[in-house]
Amino acid sequence: MVVESPVDYSEVGRAPDGSAEDVDRAVRAAREAFDHGPWPQLSSAERADWMDRLADELERRGAETSALITAEIGQPVALSRPWGGIRPVSHLRYYAKVARETDVEEVRANVSRPGTSIVRREPLGVAALIVPWNHPQASTTLKLAPALAAGCTVVIKPAAETPLDIFNLADASLAIGMPPGVINIVPGGRETGQALVAHPGVDKVAFTGSSEAGRQIASVAGRRLVPVTLELGGKSAAIVLESADLDATFQSLRNAAFDNTGQTCALMARVLAPHSLYDTVRDRLVDLARDLRVGDPLDESTELGPLVSRRIYDRVTGMVEAARTAGATILAGDTTLPDEGYYVAPTIVTGAALDSQIAQEEVFGPVITLL
């Protein structure tokens, strides 16, 4: 797989496109490590020590990981630094702390009195972790850390757009001497993920991504009767009440609506305003959109970079044009953009029907619908 820069379309790097055979080897390695390796047999505290060592190693590599993420997806460096370099470390350290506080042997001893039920905590097995491209390293460790703390072994499938930064995690695991087979990584696209979800050696699936893909994964997991956790797209709303402090509201919406160039599932992509404040909210949203700094993601002052790929660019611009054709009004969207790159100006859409695509579906770009 070739990773293309969303800034200037140059080649950033290459990674293998994992086949079904690659997936099988990874799952078998994870299965062997779980069934016959030391990891599930370690105490919770011992696993926590390994996780802290991995966190320390990732912390040393934080600047490099952040730079890779910015190169892969055009995420502004002011955002990739905390999301790619700091949050993954925090995730591992947090769940290491949780592991130490929930030691299995201690729990068993506490509930062994006559007349009480015995609580048994044990690892589930091999966990398949399928992660998105928008916050790749943080999304990975948010799944990886609790799996490791519980004593599971894992197979990670990073997104096709972000196969490079995950190798820093692989290198960090090797550098600390993580037991073989505990962490396995197979980069690839949709077919790689499908092979992983369907593999009979997988005991648990955790997925973050689109609702469409989530339905397919849930269907396969349901047929196999294995647990699945889905974190899917949404269309979260900011509801502005008549009593709202508008200065505080719009200071919050600067990040809450436009963070990561609108490429985050939890962003407030709809703003609902009362009739009495509608004109004021509309005008202030337009002012906010025009005030956002769009440009080179390597510039510390940049707030919005390019979208990740031509596919996402075409989807976002297509949804805006469809809304315009259907009678909605497109406001802002006139920010001066770089000559190259998958840039979209921050855009405010008004007058859209409540049941329209732009009002109901996740855009995953810097586009806000005011209702």
# chains A, B, ... in the order shown; residues from 1 in each chain; ligands from 1
>>> residues_around(residues="stretch 220-224 of chain A", least_positions_apart="4", cutoff="10 Å", atoms="only C-alpha atoms", output="list in words")
Gln194, Val197, Ala198, His199, Pro200, Val202, Asp203, Lys204, Val205, Gly214, Arg215, Gln216, Val228 and Thr229 of chain A
>>> residues_around(residues="A:Ala353", least_positions_apart="6", cutoff="9 Å", atoms="only C-alpha atoms", output="list in words")
Ala326, Gly327, Ala328, Ala359 and Leu371 of chain A
>>> write_last_selection(atoms="N, CA, C and O atoms", output="PDB file, in the first residue's frame")
ATOM      1  N   ALA A 326     -30.467  20.815  -3.041  1.00  0.00           N
ATOM      2  CA  ALA A 326     -31.756  20.549  -2.398  1.00  0.00           C
ATOM      3  C   ALA A 326     -32.383  21.796  -1.796  1.00  0.00           C
ATOM      4  O   ALA A 326     -33.481  21.718  -1.232  1.00  0.00           O
ATOM      5  N   GLY A 327     -31.700  22.943  -1.880  1.00  0.00           N
ATOM      6  CA  GLY A 327     -32.281  24.188  -1.416  1.00  0.00           C
ATOM      7  C   GLY A 327     -31.674  24.792  -0.172  1.00  0.00           C
ATOM      8  O   GLY A 327     -32.106  25.862   0.281  1.00  0.00           O
ATOM      9  N   ALA A 328     -30.687  24.140   0.418  1.00  0.00           N
ATOM     10  CA  ALA A 328     -30.017  24.705   1.596  1.00  0.00           C
ATOM     11  C   ALA A 328     -29.134  25.871   1.183  1.00  0.00           C
ATOM     12  O   ALA A 328     -28.743  26.010   0.019  1.00  0.00           O
ATOM     13  N   ALA A 359     -28.329  16.990   7.222  1.00  0.00           N
ATOM     14  CA  ALA A 359     -28.783  17.155   8.601  1.00  0.00           C
ATOM     15  C   ALA A 359     -28.766  15.852   9.379  1.00  0.00           C
ATOM     16  O   ALA A 359     -28.769  15.868  10.616  1.00  0.00           O
ATOM     17  N   LEU A 371     -29.615  24.324  12.594  1.00  0.00           N
ATOM     18  CA  LEU A 371     -31.045  24.034  12.585  1.00  0.00           C
ATOM     19  C   LEU A 371     -31.748  24.850  13.658  1.00  0.00           C
ATOM     20  O   LEU A 371     -31.155  25.126  14.700  1.00  0.00           O
TER      21      LEU A 371
END
>>> closest_atom_pairs(of="stretch 17-117 of chain A", to="stretch 282-299 of chain A", cutoff="8 Å", atoms="only C-alpha atoms", output="JSON lines")
{"residue": "A:Thr70", "atom": "CA", "partner": "A:Pro297", "partner_atom": "CA", "distance": 6.8}
{"residue": "A:Gly74", "atom": "CA", "partner": "A:Pro297", "partner_atom": "CA", "distance": 5.8}
{"residue": "A:Gln75", "atom": "CA", "partner": "A:Pro297", "partner_atom": "CA", "distance": 6.0}
{"residue": "A:Pro76", "atom": "CA", "partner": "A:Pro297", "partner_atom": "CA", "distance": 3.9}
{"residue": "A:Val77", "atom": "CA", "partner": "A:Leu298", "partner_atom": "CA", "distance": 5.5}
>>> closest_residue(among="A:Leu42, A:Ala238, A:Val3, A:Ala20", to="A:Glu122", atoms="only C-alpha atoms")
A:Leu42
>>> residues_around(residues="A:Thr347", least_positions_apart="6", cutoff="8 Å", atoms="only C-alpha atoms", output="PyMOL selection string")
chain A and resi 286+289+330-333+366-368
>>> closest_residue(among="A:Leu58, A:Ala218, A:Val98, A:Ala145", to="A:Ser173", atoms="only C-alpha atoms")
A:Leu58
>>> select_by_dssp(residues="stretch 97-326 of chain A", states="strand (DSSP E or B)", output="PyMOL selection string")
chain A and resi 126-130+153-157+183-185+204-209+228-232+236-239+268-272+294+304
>>> write_last_selection(atoms="N, CA, C and O atoms", output="CSV table (one decimal), in the first residue's frame")
chain,number,residue,atom,x,y,z
A,126,VAL,N,-8.1,-14.1,22.4
A,126,VAL,CA,-7.5,-13.3,21.4
A,126,VAL,C,-8.5,-12.2,21.0
A,126,VAL,O,-9.6,-12.5,20.6
A,127,ALA,N,-8.0,-11.0,21.0
A,127,ALA,CA,-8.9,-9.8,20.7
A,127,ALA,C,-8.4,-9.2,19.4
A,127,ALA,O,-7.2,-8.9,19.2
A,128,ALA,N,-9.4,-9.0,18.5
A,128,ALA,CA,-9.1,-8.3,17.2
A,128,ALA,C,-9.4,-6.8,17.4
A,128,ALA,O,-10.6,-6.5,17.7
A,129,LEU,N,-8.5,-6.0,17.1
A,129,LEU,CA,-8.6,-4.5,17.3
A,129,LEU,C,-8.5,-3.9,15.9
A,129,LEU,O,-7.5,-3.8,15.3
A,130,ILE,N,-9.6,-3.3,15.5
A,130,ILE,CA,-9.7,-2.7,14.2
A,130,ILE,C,-9.9,-1.2,14.4
A,130,ILE,O,-10.9,-0.7,15.0
A,153,THR,N,-4.3,-11.5,24.4
A,153,THR,CA,-3.4,-11.2,23.3
A,153,THR,C,-4.2,-10.6,22.2
A,153,THR,O,-5.4,-10.7,22.1
A,154,VAL,N,-3.5,-9.8,21.3
A,154,VAL,CA,-4.2,-9.0,20.3
A,154,VAL,C,-3.7,-9.1,18.9
A,154,VAL,O,-2.5,-9.4,18.7
A,155,VAL,N,-4.6,-8.9,18.0
A,155,VAL,CA,-4.2,-8.6,16.6
A,155,VAL,C,-4.7,-7.3,16.2
A,155,VAL,O,-6.0,-7.1,16.2
A,156,ILE,N,-3.9,-6.4,15.8
A,156,ILE,CA,-4.3,-5.0,15.5
A,156,ILE,C,-4.3,-4.8,14.0
A,156,ILE,O,-3.4,-5.2,13.3
A,157,LYS,N,-5.5,-4.3,13.5
A,157,LYS,CA,-5.6,-4.0,12.0
A,157,LYS,C,-5.7,-2.5,11.9
A,157,LYS,O,-6.8,-1.9,12.1
A,183,ILE,N,1.4,-8.9,21.0
A,183,ILE,CA,0.9,-7.8,20.2
A,183,ILE,C,1.3,-8.2,18.7
A,183,ILE,O,2.5,-8.4,18.4
A,184,ASN,N,0.3,-8.3,17.9
A,184,ASN,CA,0.5,-8.6,16.5
A,184,ASN,C,-0.2,-7.6,15.6
A,184,ASN,O,-1.3,-7.1,16.0
A,185,ILE,N,0.4,-7.2,14.5
A,185,ILE,CA,-0.1,-6.1,13.7
A,185,ILE,C,-0.2,-6.6,12.2
A,185,ILE,O,0.8,-7.1,11.7
A,204,LYS,N,-12.8,-12.0,20.4
A,204,LYS,CA,-13.4,-10.7,20.8
A,204,LYS,C,-13.1,-9.7,19.6
A,204,LYS,O,-11.9,-9.7,19.2
A,205,VAL,N,-14.0,-8.9,19.2
A,205,VAL,CA,-13.8,-7.9,18.2
A,205,VAL,C,-14.1,-6.5,18.8
A,205,VAL,O,-15.1,-6.3,19.4
A,206,ALA,N,-13.1,-5.6,18.6
A,206,ALA,CA,-13.4,-4.2,18.9
A,206,ALA,C,-13.1,-3.3,17.7
A,206,ALA,O,-12.0,-3.4,17.1
A,207,PHE,N,-14.1,-2.5,17.3
A,207,PHE,CA,-14.0,-1.8,16.0
A,207,PHE,C,-14.4,-0.4,16.2
A,207,PHE,O,-15.4,-0.1,16.9
A,208,THR,N,-13.7,0.5,15.6
A,208,THR,CA,-14.1,2.0,15.5
A,208,THR,C,-14.1,2.3,14.1
A,208,THR,O,-13.1,2.1,13.4
A,209,GLY,N,-15.2,2.9,13.6
A,209,GLY,CA,-15.3,3.3,12.2
A,209,GLY,C,-16.7,3.6,11.8
A,209,GLY,O,-17.5,4.1,12.6
A,228,VAL,N,-18.6,-8.3,20.6
A,228,VAL,CA,-18.1,-7.2,19.8
A,228,VAL,C,-18.4,-5.9,20.4
A,228,VAL,O,-19.5,-5.7,21.0
A,229,THR,N,-17.4,-5.0,20.3
A,229,THR,CA,-17.6,-3.6,20.7
A,229,THR,C,-17.5,-2.7,19.5
A,229,THR,O,-16.5,-2.8,18.8
A,230,LEU,N,-18.5,-1.8,19.3
A,230,LEU,CA,-18.5,-1.0,18.2
A,230,LEU,C,-18.6,0.5,18.6
A,230,LEU,O,-19.4,0.9,19.4
A,231,GLU,N,-17.7,1.3,18.1
A,231,GLU,CA,-17.7,2.8,18.2
A,231,GLU,C,-17.9,3.3,16.8
A,231,GLU,O,-16.9,3.3,16.1
A,232,LEU,N,-19.1,3.8,16.5
A,232,LEU,CA,-19.4,4.2,15.2
A,232,LEU,C,-19.6,5.7,15.0
A,232,LEU,O,-19.6,6.4,16.0
A,236,SER,N,-23.6,14.3,16.3
A,236,SER,CA,-23.8,15.0,17.6
A,236,SER,C,-24.3,16.4,17.5
A,236,SER,O,-23.9,17.1,16.5
A,237,ALA,N,-25.1,16.8,18.4
A,237,ALA,CA,-25.7,18.2,18.3
A,237,ALA,C,-25.2,19.1,19.5
A,237,ALA,O,-25.1,18.6,20.6
A,238,ALA,N,-25.0,20.3,19.2
A,238,ALA,CA,-24.8,21.4,20.2
A,238,ALA,C,-26.2,22.1,20.3
A,238,ALA,O,-26.6,22.7,19.3
A,239,ILE,N,-26.8,22.1,21.5
A,239,ILE,CA,-28.1,22.7,21.6
A,239,ILE,C,-27.9,24.0,22.4
A,239,ILE,O,-27.4,24.0,23.5
A,268,MET,N,-19.6,18.1,17.4
A,268,MET,CA,-20.9,18.7,17.3
A,268,MET,C,-21.1,19.2,15.9
A,268,MET,O,-21.0,20.4,15.6
A,269,ALA,N,-21.6,18.3,15.0
A,269,ALA,CA,-21.7,18.7,13.6
A,269,ALA,C,-23.1,19.3,13.3
A,269,ALA,O,-23.3,19.7,12.1
A,270,ARG,N,-24.0,19.3,14.3
A,270,ARG,CA,-25.2,20.1,14.1
A,270,ARG,C,-25.3,21.1,15.3
A,270,ARG,O,-24.9,20.8,16.4
A,271,VAL,N,-25.8,22.3,15.0
A,271,VAL,CA,-26.0,23.3,16.0
A,271,VAL,C,-27.5,23.6,16.0
A,271,VAL,O,-28.1,24.0,14.9
A,272,LEU,N,-28.2,23.4,17.1
A,272,LEU,CA,-29.6,23.7,17.2
A,272,LEU,C,-29.8,24.9,18.0
A,272,LEU,O,-29.4,25.0,19.2
A,294,VAL,N,-6.7,27.9,8.4
A,294,VAL,CA,-6.5,26.7,7.5
A,294,VAL,C,-5.2,26.7,6.8
A,294,VAL,O,-4.8,27.8,6.2
A,304,LEU,N,-6.9,23.9,11.1
A,304,LEU,CA,-7.5,22.9,10.2
A,304,LEU,C,-6.5,22.6,9.1
A,304,LEU,O,-6.0,23.5,8.4
>>> closest_residue(among="A:Ser66, A:Glu57, A:Asp247, A:Val281", to="A:Leu174", atoms="only C-alpha atoms")
A:Glu57
>>> closest_residue(among="A:Cys152, A:Ile86, A:Ile348, A:Ala213", to="A:Asp334", atoms="only C-alpha atoms")
A:Ile348
>>> select_by_dssp(residues="stretch 159-294 of chain A", states="helix (DSSP H, G or I)", output="MDAnalysis selection string")
chainID A and resid 166:175 190:198 211:224 246:256 259:262 275:291
>>> residues_around(residues="A:Glu161", least_positions_apart="5", cutoff="10 Å", atoms="only C-alpha atoms", output="PyMOL selection string")
chain A and resi 1-5+69+72-73+132-134+136+187-189+308-309
>>> residues_around(residues="stretch 178-182 of chain A", least_positions_apart="6", cutoff="6 Å", atoms="only C-alpha atoms", output="JSON, numbers by chain")
{"A": [29, 30, 33, 153]}
>>> write_last_selection(atoms="all heavy atoms", output="compact mmCIF listing (two decimals), in the first residue's frame")
# COMPACT_ATOMS: atom_id res chain seq x y z
N ALA A 29 -0.37 -16.79 15.96
CA ALA A 29 0.66 -16.35 16.90
C ALA A 29 0.03 -15.86 18.20
O ALA A 29 0.51 -16.17 19.30
CB ALA A 29 1.52 -15.25 16.28
N ALA A 30 -1.05 -15.08 18.07
CA ALA A 30 -1.75 -14.59 19.26
C ALA A 30 -2.37 -15.74 20.05
O ALA A 30 -2.35 -15.77 21.29
CB ALA A 30 -2.83 -13.59 18.85
N ALA A 33 0.36 -17.58 21.90
CA ALA A 33 0.81 -16.81 23.05
C ALA A 33 -0.22 -16.84 24.18
O ALA A 33 0.14 -16.81 25.36
CB ALA A 33 1.07 -15.37 22.62
N THR A 153 -4.31 -11.49 24.39
CA THR A 153 -3.36 -11.19 23.32
C THR A 153 -4.16 -10.56 22.19
O THR A 153 -5.38 -10.72 22.11
CB THR A 153 -2.64 -12.46 22.84
OG1 THR A 153 -3.61 -13.41 22.38
CG2 THR A 153 -1.82 -13.07 23.96
>>> closest_residue(among="A:Ser10, A:Thr102, A:Asn255, A:Thr369", to="A:Ser43", atoms="only C-alpha atoms")
A:Thr102
